[in-house]
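Student: Dropping the structure in here first, questions after.
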Amino acid sequence: MQTPAVRRPAVAGRFYPGKPEDLTQQLDQFLAAGSSAPGKMETAMGCMVPHAGYIYSGQVAGSVFQRLPARATYIILCPNHTGRGAPLAIMSRGGWQTPLGTVPIDAALAASLQHSCRLLMEDSKAHESEHAIEVELPFLQRSVGEFSFVPIAIGVSRYAALEALGHGMAQSLKGSAGPVMIVASSDMNHYEPDDVTRIKDRKAIDQILALDPAKLYEVVREEDITMCGYGPAVAMMTAVKELGATRAELVRYATSADTSGDYSAVVGYAGMVIS
């Protein structure tokens with residue numbers, strides 16, 4: 001019998017520290033950055049978190065993960081930055097390794113998702129060099145401990161396909177034994193001046209606050225907002241709305257200028273929780 005594959009880290013030592021002790025120290029700092037906010041959002045069903053290098057977006061991500069209740073299982077959606085592999089690529093077996101250990105894939109949930117959304121294709125190639133899920137895992141390893149997850153990389157831009165994925169996730173989760181958190185990994189507008197980025201990002205954020213995935217899709221495309229993970233956000237919102245979510249909260253927002261001091265060409269980061 002073939003041993004399920006373990007996906008090795010692709011960006012450890014670049015996007016985040018490669019040594020466990022250094023990574024743990026940095027994660028604790030970022031998770032503590034959100035500790036002054038109100039307590040856990042126990043009814044949270046989904047969230048959106050950034051995926052840049054930790055020095056730029058770690059405080060935003062940490063503020064979100066600090067607010068989330070612990071779950072045994074997560075679905076983590078990300079954009080496909082590399083362009084490799086299937087348009088909707090899932091891994092259904094094995095695990096993902098980080099400097100903090102290996103996180104197992106929930107094979108049963110992955111199979112259920114493939115049954116509920118026929119557009120999902122088994123494809124590890126789409127995930128090999130993709131950073132946008134990998135950078136989220138250490139936050140969960142530090143804040144939750146033991147958990148399993150299902151990774152999905154989204155390279156499709158058609159609304160119908162994103163909506164189908166959202167409905168498929170909702171259908172699978174309606175039959176799950178316990179609550180499952182859906183994480184959409186996304187940065188916001190890219191490489192425009194800070195003031196322009198903040199205006200554009202607010203237009204997208206407002207649609208998430210309104211829990212309107214169709215309007216988010218429309219605004220991102222019409223306003224030329226280079227939000228790389230709008231697909232994951234649309235699919236996540238579609239699913240959690242079907243599961244009964246009624247409220248979204250902007251936990252924290254920043255741009256890369258807050259760290260770099262360069263306001264001429266920035267990337268925006270929004271951390272949001274939906275319950």
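Each chain in the structure tokens gets a letter, A, B, ..., in the order shown, and its residues are numbered from 1; ligands are numbered from 1 in order too.
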What's around Ile225 in chain A at 7 Å? Count only C-alpha atoms, leave out sequence neighbours fewer than 3 positions away in its own chain, and write the answer as a list of chain:residue names.
Tutor: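 The filter keeps A:Asn189, A:Lys200, A:Val220, A:Arg221.
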Student: Considering only C-alpha atoms, can you say which of A:Asp187, A:Gln171, A:Arg14, A:Arg71 comes closest to Glu42 in chain A?
Tutor: A:Arg71
Student: Contacts of Asp258 in chain A at 10 Å or less, counting only C-alpha atoms, minus same-chain residues fewer than 3 places along, as number ranges by chain?
Tutor: A: 56-57, 194, 254-255, 261-263, 266, 268
Student: Kindly export the residues of the current selection with N, CA and C atoms, as a PDB file, in the first residue's frame.
Tutor:
ATOM      1  N   TYR A  56       5.285  41.483   7.337  1.00  0.00           N
ATOM      2  CA  TYR A  56       4.345  42.440   6.769  1.00  0.00           C
ATOM      3  C   TYR A  56       2.906  42.208   7.247  1.00  0.00           C
ATOM      4  N   SER A  57       2.456  40.963   7.227  1.00  0.00           N
ATOM      5  CA  SER A  57       1.035  40.693   7.501  1.00  0.00           C
ATOM      6  C   SER A  57       0.800  39.856   8.745  1.00  0.00           C
ATOM      7  N   ASP A 194      -0.296  53.868  -1.205  1.00  0.00           N
ATOM      8  CA  ASP A 194      -1.028  53.505  -0.001  1.00  0.00           C
ATOM      9  C   ASP A 194      -2.435  54.091   0.021  1.00  0.00           C
ATOM     10  N   ALA A 254      -4.218  46.573   7.586  1.00  0.00           N
ATOM     11  CA  ALA A 254      -2.917  47.231   7.485  1.00  0.00           C
ATOM     12  C   ALA A 254      -2.467  47.184   6.034  1.00  0.00           C
ATOM     13  N   THR A 255      -1.431  47.935   5.743  1.00  0.00           N
ATOM     14  CA  THR A 255      -0.739  47.775   4.464  1.00  0.00           C
ATOM     15  C   THR A 255       0.740  47.533   4.745  1.00  0.00           C
ATOM     16  N   GLY A 261       7.475  51.423   5.576  1.00  0.00           N
ATOM     17  CA  GLY A 261       7.595  52.874   5.470  1.00  0.00           C
ATOM     18  C   GLY A 261       7.545  53.385   4.043  1.00  0.00           C
ATOM     19  N   ASP A 262       7.411  52.475   3.078  1.00  0.00           N
ATOM     20  CA  ASP A 262       7.318  52.850   1.662  1.00  0.00           C
ATOM     21  C   ASP A 262       5.844  52.925   1.275  1.00  0.00           C
ATOM     22  N   TYR A 263       5.367  54.135   1.046  1.00  0.00           N
ATOM     23  CA  TYR A 263       3.952  54.334   0.731  1.00  0.00           C
ATOM     24  C   TYR A 263       3.688  54.398  -0.773  1.00  0.00           C
ATOM     25  N   VAL A 266       2.234  49.550  -2.294  1.00  0.00           N
ATOM     26  CA  VAL A 266       1.988  48.737  -1.105  1.00  0.00           C
ATOM     27  C   VAL A 266       1.097  47.546  -1.442  1.00  0.00           C
ATOM     28  N   GLY A 268      -2.200  45.523   0.550  1.00  0.00           N
ATOM     29  CA  GLY A 268      -3.135  45.636   1.659  1.00  0.00           C
ATOM     30  C   GLY A 268      -3.408  44.286   2.296  1.00  0.00           C
TER      31      GLY A 268
END
Student: So that I can see what lies close to Glu249 in chain A, please list as a PDB file with C-alpha atoms, in the first residue's frame the residues with an atom at most 10 Å from it, counting only C-alpha atoms and leaving out residues fewer than 4 positions away in the same chain.
Tutor:
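As written to disk, selection.pdb reads:
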ATOM      1  CA  CYS A  47     -12.497  33.969   8.159  1.00  0.00           C
ATOM      2  CA  ILE A 205     -14.138  44.997   2.573  1.00  0.00           C
ATOM      3  CA  ILE A 208     -17.568  41.180   2.802  1.00  0.00           C
ATOM      4  CA  LEU A 209     -19.092  43.068   5.723  1.00  0.00           C
ATOM      5  CA  ALA A 210     -22.386  42.957   3.821  1.00  0.00           C
ATOM      6  CA  GLY A 271      -8.328  40.188   8.624  1.00  0.00           C
ATOM      7  CA  MET A 272     -12.020  39.335   8.855  1.00  0.00           C
ATOM      8  CA  VAL A 273     -14.199  36.871  10.761  1.00  0.00           C
ATOM      9  CA  ILE A 274     -17.704  35.731   9.773  1.00  0.00           C
ATOM     10  CA  SER A 275     -20.153  34.224  12.221  1.00  0.00           C
TER      11      SER A 275
END
Student: Any idea what's packed within 10 Å of Val49 in chain A, counting only C-alpha atoms, ignoring anything in its chain fewer than 4 positions away? Could you give it as a list in words?
Tutor: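 The contact residues come out as Ser57, Gly58, Val60, Ala61, Gly62, Ser63, Val64, Phe65, Ala132, Glu136, Val183, Ala184, Ser185, Ser186, Asp187, Met188, Gly229, Ala233, Val251, Arg252, Tyr269, Ala270, Gly271, Met272 and Val273 of chain A.
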Student: Could you tell me which of A:Val135, A:Ala265, A:Ala52, A:Leu109 comes closest to Pro9 in chain A if we count only C-alpha atoms?
Tutor: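 For Pro9 in chain A, the nearest of the given residues is A:Val135.
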Student: Which one of A:Ser129, A:Gln59, A:Asn80, A:Ser148 sits closest to Asp106 in chain A if you count only C-alpha atoms?
Tutor: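 Of A:Ser129, A:Gln59, A:Asn80, A:Ser148, the one nearest Asp106 in chain A, counting only C-alpha atoms, is A:Ser148.
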Student: If I take CA of Asp28 in chain A and CA of Thr259 in chain A, how far is one from the other in Å, to one decimal?
Tutor: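 One can read the CA of Asp28 in chain A to CA of Thr259 in chain A distance as 18.2 Å.
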Student: Can you list, as an MDAnalysis selection string, every residue of range 13-216 of chain A that DSSP puts in strand (DSSP E)?
Tutor: chainID A and resid 46:49 73:79 88:90 95:98 101:104 121:122 148:154 180:185 190:192
Student: For the selection you just gave me, I'd like the residues written to a file as a CSV table (one decimal), in the first residue's frame, keeping N, CA and C atoms.
Tutor:
chain,number,residue,atom,x,y,z
A,46,GLY,N,-16.3,31.2,9.4
A,46,GLY,CA,-15.3,31.4,8.4
A,46,GLY,C,-14.4,32.6,8.7
A,47,CYS,N,-13.3,32.8,8.0
A,47,CYS,CA,-12.5,34.0,8.2
A,47,CYS,C,-11.7,34.2,6.9
A,48,MET,N,-11.2,35.4,6.8
A,48,MET,CA,-10.2,35.8,5.7
A,48,MET,C,-9.0,36.3,6.4
A,49,VAL,N,-7.8,35.8,6.0
A,49,VAL,CA,-6.5,36.2,6.6
A,49,VAL,C,-5.5,36.4,5.5
A,73,THR,N,-11.1,20.6,12.7
A,73,THR,CA,-10.9,20.5,11.3
A,73,THR,C,-11.1,21.8,10.6
A,74,TYR,N,-10.3,22.1,9.6
A,74,TYR,CA,-10.4,23.3,8.8
A,74,TYR,C,-10.4,23.0,7.3
A,75,ILE,N,-11.1,23.9,6.6
A,75,ILE,CA,-10.9,23.9,5.1
A,75,ILE,C,-10.1,25.2,4.8
A,76,ILE,N,-9.0,25.1,4.2
A,76,ILE,CA,-8.2,26.3,3.9
A,76,ILE,C,-8.2,26.5,2.3
A,77,LEU,N,-8.7,27.6,1.9
A,77,LEU,CA,-8.8,28.0,0.5
A,77,LEU,C,-7.7,29.0,0.2
A,78,CYS,N,-7.1,28.9,-1.0
A,78,CYS,CA,-6.1,29.9,-1.3
A,78,CYS,C,-6.1,30.1,-2.8
A,79,PRO,N,-5.7,31.3,-3.3
A,79,PRO,CA,-5.5,31.5,-4.7
A,79,PRO,C,-4.3,30.7,-5.2
A,88,LEU,N,-9.4,24.0,-9.8
A,88,LEU,CA,-9.8,23.8,-8.4
A,88,LEU,C,-9.1,22.5,-7.9
A,89,ALA,N,-8.0,22.7,-7.2
A,89,ALA,CA,-7.1,21.6,-6.9
A,89,ALA,C,-7.2,21.3,-5.4
A,90,ILE,N,-7.5,20.0,-5.1
A,90,ILE,CA,-7.6,19.6,-3.7
A,90,ILE,C,-6.5,18.5,-3.5
A,95,GLY,N,-0.2,14.7,4.5
A,95,GLY,CA,-0.1,15.8,5.4
A,95,GLY,C,0.8,16.9,4.9
A,96,TRP,N,0.8,18.0,5.6
A,96,TRP,CA,1.7,19.1,5.3
A,96,TRP,C,2.6,19.3,6.4
A,97,GLN,N,3.9,19.4,6.1
A,97,GLN,CA,4.9,19.6,7.1
A,97,GLN,C,5.3,21.1,7.2
A,98,THR,N,5.4,21.6,8.5
A,98,THR,CA,6.0,22.9,8.7
A,98,THR,C,7.1,22.7,9.8
A,101,GLY,N,6.0,20.8,12.8
A,101,GLY,CA,5.4,19.4,12.7
A,101,GLY,C,4.6,19.2,11.5
A,102,THR,N,3.9,18.1,11.4
A,102,THR,CA,3.1,17.7,10.2
A,102,THR,C,1.6,17.8,10.6
A,103,VAL,N,0.8,18.5,9.8
A,103,VAL,CA,-0.6,18.6,9.9
A,103,VAL,C,-1.3,17.6,9.0
A,104,PRO,N,-2.1,16.7,9.5
A,104,PRO,CA,-2.7,15.7,8.6
A,104,PRO,C,-3.9,16.3,7.8
A,121,MET,N,-10.6,18.7,-8.3
A,121,MET,CA,-9.7,17.7,-8.9
A,121,MET,C,-8.5,17.4,-8.0
A,122,GLU,N,-8.2,16.1,-7.8
A,122,GLU,CA,-7.0,15.7,-7.0
A,122,GLU,C,-5.8,16.2,-7.7
A,148,SER,N,-6.8,18.8,11.9
A,148,SER,CA,-6.6,18.3,10.5
A,148,SER,C,-7.2,19.3,9.6
A,149,PHE,N,-6.9,19.2,8.3
A,149,PHE,CA,-7.4,20.2,7.4
A,149,PHE,C,-7.6,19.7,6.0
A,150,VAL,N,-8.2,20.4,5.1
A,150,VAL,CA,-8.3,20.1,3.7
A,150,VAL,C,-7.8,21.3,2.9
A,151,PRO,N,-6.8,21.2,2.1
A,151,PRO,CA,-6.3,22.3,1.3
A,151,PRO,C,-6.9,22.4,-0.1
A,152,ILE,N,-7.3,23.6,-0.5
A,152,ILE,CA,-7.9,23.7,-1.9
A,152,ILE,C,-7.3,25.0,-2.5
A,153,ALA,N,-6.6,24.9,-3.6
A,153,ALA,CA,-6.1,26.0,-4.4
A,153,ALA,C,-7.0,26.3,-5.5
A,154,ILE,N,-7.3,27.6,-5.6
A,154,ILE,CA,-8.3,28.1,-6.6
A,154,ILE,C,-7.6,28.9,-7.7
A,180,VAL,N,-16.7,23.0,11.4
A,180,VAL,CA,-15.5,23.1,10.6
A,180,VAL,C,-15.3,24.5,10.2
A,181,MET,N,-14.1,25.1,10.4
A,181,MET,CA,-13.8,26.5,10.0
A,181,MET,C,-13.3,26.5,8.6
A,182,ILE,N,-13.9,27.5,7.8
A,182,ILE,CA,-13.4,27.7,6.5
A,182,ILE,C,-12.5,29.0,6.5
A,183,VAL,N,-11.3,28.8,6.1
A,183,VAL,CA,-10.3,29.9,6.1
A,183,VAL,C,-10.0,30.3,4.6
A,184,ALA,N,-10.3,31.5,4.3
A,184,ALA,CA,-9.9,32.1,2.9
A,184,ALA,C,-8.6,32.9,3.1
A,185,SER,N,-7.6,32.4,2.4
A,185,SER,CA,-6.3,33.1,2.4
A,185,SER,C,-6.2,34.1,1.3
A,190,HIS,N,-2.7,45.2,-4.6
A,190,HIS,CA,-1.2,45.1,-4.7
A,190,HIS,C,-0.6,46.3,-5.5
A,191,TYR,N,0.5,46.8,-5.0
A,191,TYR,CA,1.5,47.6,-5.7
A,191,TYR,C,0.9,48.9,-6.3
A,192,GLU,N,0.1,49.5,-5.5
A,192,GLU,CA,-0.3,50.9,-5.8
A,192,GLU,C,-0.1,51.7,-4.6
Student: Do you know which residues are at most 9 Å from Glu242 in chain A counting only C-alpha atoms, after dropping those on the same chain fewer than 2 positions away, and could you put them as a list in words?
Tutor: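 Neighbouring residues, sequence-local ones excluded: Gly166, His167, Ala170, Gln171, Met237, Thr238, Ala239, Val240, Gly244 and Ala245 of chain A.
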Student: Using the selection just defined, write its residues with C-alpha atoms as a short mmCIF file (atom, residue, chain, number, x, y, z; two decimals), in the first residue's frame.
Tutor:
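What landed in selection_3.cif:
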data_model
loop_
_atom_site.label_atom_id
_atom_site.label_comp_id
_atom_site.auth_asym_id
_atom_site.auth_seq_id
_atom_site.Cartn_x
_atom_site.Cartn_y
_atom_site.Cartn_z
CA GLY A 166 -19.19 27.30 -1.90
CA HIS A 167 -22.41 25.32 -2.18
CA ALA A 170 -21.88 23.87 2.67
CA GLN A 171 -23.46 20.59 1.58
CA MET A 237 -18.84 33.51 2.03
CA THR A 238 -21.17 31.46 -0.17
CA ALA A 239 -20.67 28.43 2.08
CA VAL A 240 -21.01 30.11 5.46
CA GLY A 244 -26.44 30.32 8.59
CA ALA A 245 -23.81 33.05 9.01
#
Student: Given only C-alpha atoms as the basis, pick out the residue of A:Ala70, A:Asp212, A:Pro38, A:Glu218 nearest to Glu146 in chain A.
Tutor: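 Using only C-alpha atoms, Glu146 in chain A sits closest to A:Ala70.
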Student: Measuring atom to atom with only C-alpha atoms, identify which of A:Arg93, A:Lys125, A:Arg142, A:Arg7 is nearest to Phe30 in chain A.
Tutor: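 Counting only C-alpha atoms, the residue closest to Phe30 in chain A is A:Arg142.
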Student: Once DSSP has gone over the backbone, tell me which residues of range 191-254 of chain A are in helix (DSSP H, G or I), as number ranges by chain.
Tutor: A: 194-209, 213-222, 230-242
Student: Next, dump the selected residues to file, keeping only C-alpha atoms, as a PDB file, in the first residue's frame.
Tutor:
ATOM      1  CA  ASP A 194      -1.028  53.505  -0.001  1.00  0.00           C
ATOM      2  CA  ASP A 195      -3.908  55.978  -0.293  1.00  0.00           C
ATOM      3  CA  VAL A 196      -5.192  54.345  -3.486  1.00  0.00           C
ATOM      4  CA  THR A 197      -4.922  50.864  -1.985  1.00  0.00           C
ATOM      5  CA  ARG A 198      -6.824  51.830   1.152  1.00  0.00           C
ATOM      6  CA  ILE A 199      -9.710  53.245  -0.911  1.00  0.00           C
ATOM      7  CA  LYS A 200      -9.859  50.182  -3.156  1.00  0.00           C
ATOM      8  CA  ASP A 201      -9.588  47.759  -0.263  1.00  0.00           C
ATOM      9  CA  ARG A 202     -12.412  49.464   1.590  1.00  0.00           C
ATOM     10  CA  LYS A 203     -14.712  48.894  -1.380  1.00  0.00           C
ATOM     11  CA  ALA A 204     -13.981  45.163  -1.227  1.00  0.00           C
ATOM     12  CA  ILE A 205     -14.138  44.997   2.573  1.00  0.00           C
ATOM     13  CA  ASP A 206     -17.572  46.628   2.542  1.00  0.00           C
ATOM     14  CA  GLN A 207     -18.945  43.785   0.394  1.00  0.00           C
ATOM     15  CA  ILE A 208     -17.568  41.180   2.802  1.00  0.00           C
ATOM     16  CA  LEU A 209     -19.092  43.068   5.723  1.00  0.00           C
ATOM     17  CA  PRO A 213     -20.167  37.381  -2.457  1.00  0.00           C
ATOM     18  CA  ALA A 214     -21.651  38.359  -5.825  1.00  0.00           C
ATOM     19  CA  LYS A 215     -21.073  42.051  -5.155  1.00  0.00           C
ATOM     20  CA  LEU A 216     -17.524  41.375  -3.954  1.00  0.00           C
ATOM     21  CA  TYR A 217     -16.830  39.566  -7.228  1.00  0.00           C
ATOM     22  CA  GLU A 218     -18.326  42.453  -9.200  1.00  0.00           C
ATOM     23  CA  VAL A 219     -16.533  45.229  -7.306  1.00  0.00           C
ATOM     24  CA  VAL A 220     -13.123  43.530  -7.473  1.00  0.00           C
ATOM     25  CA  ARG A 221     -13.369  43.158 -11.234  1.00  0.00           C
ATOM     26  CA  GLU A 222     -15.000  46.489 -12.045  1.00  0.00           C
ATOM     27  CA  TYR A 230     -11.216  37.054  -4.016  1.00  0.00           C
ATOM     28  CA  GLY A 231     -12.066  33.560  -5.290  1.00  0.00           C
ATOM     29  CA  PRO A 232     -11.469  31.939  -1.889  1.00  0.00           C
ATOM     30  CA  ALA A 233     -13.399  34.786  -0.230  1.00  0.00           C
ATOM     31  CA  VAL A 234     -16.378  34.359  -2.583  1.00  0.00           C
ATOM     32  CA  ALA A 235     -16.471  30.590  -2.043  1.00  0.00           C
ATOM     33  CA  MET A 236     -16.068  30.912   1.732  1.00  0.00           C
ATOM     34  CA  MET A 237     -18.840  33.506   2.026  1.00  0.00           C
ATOM     35  CA  THR A 238     -21.168  31.458  -0.171  1.00  0.00           C
ATOM     36  CA  ALA A 239     -20.666  28.433   2.079  1.00  0.00           C
ATOM     37  CA  VAL A 240     -21.008  30.112   5.463  1.00  0.00           C
ATOM     38  CA  LYS A 241     -24.088  32.073   4.404  1.00  0.00           C
ATOM     39  CA  GLU A 242     -25.749  28.794   3.402  1.00  0.00           C
TER      40      GLU A 242
END
Student: I'd like to know which of A:Thr82, A:Tyr159, A:Leu173, A:Ala44 is closest to Ala108 in chain A, using only C-alpha atoms.
Tutor: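 Of A:Thr82, A:Tyr159, A:Leu173, A:Ala44, the one nearest Ala108 in chain A is A:Leu173, counting only C-alpha atoms.
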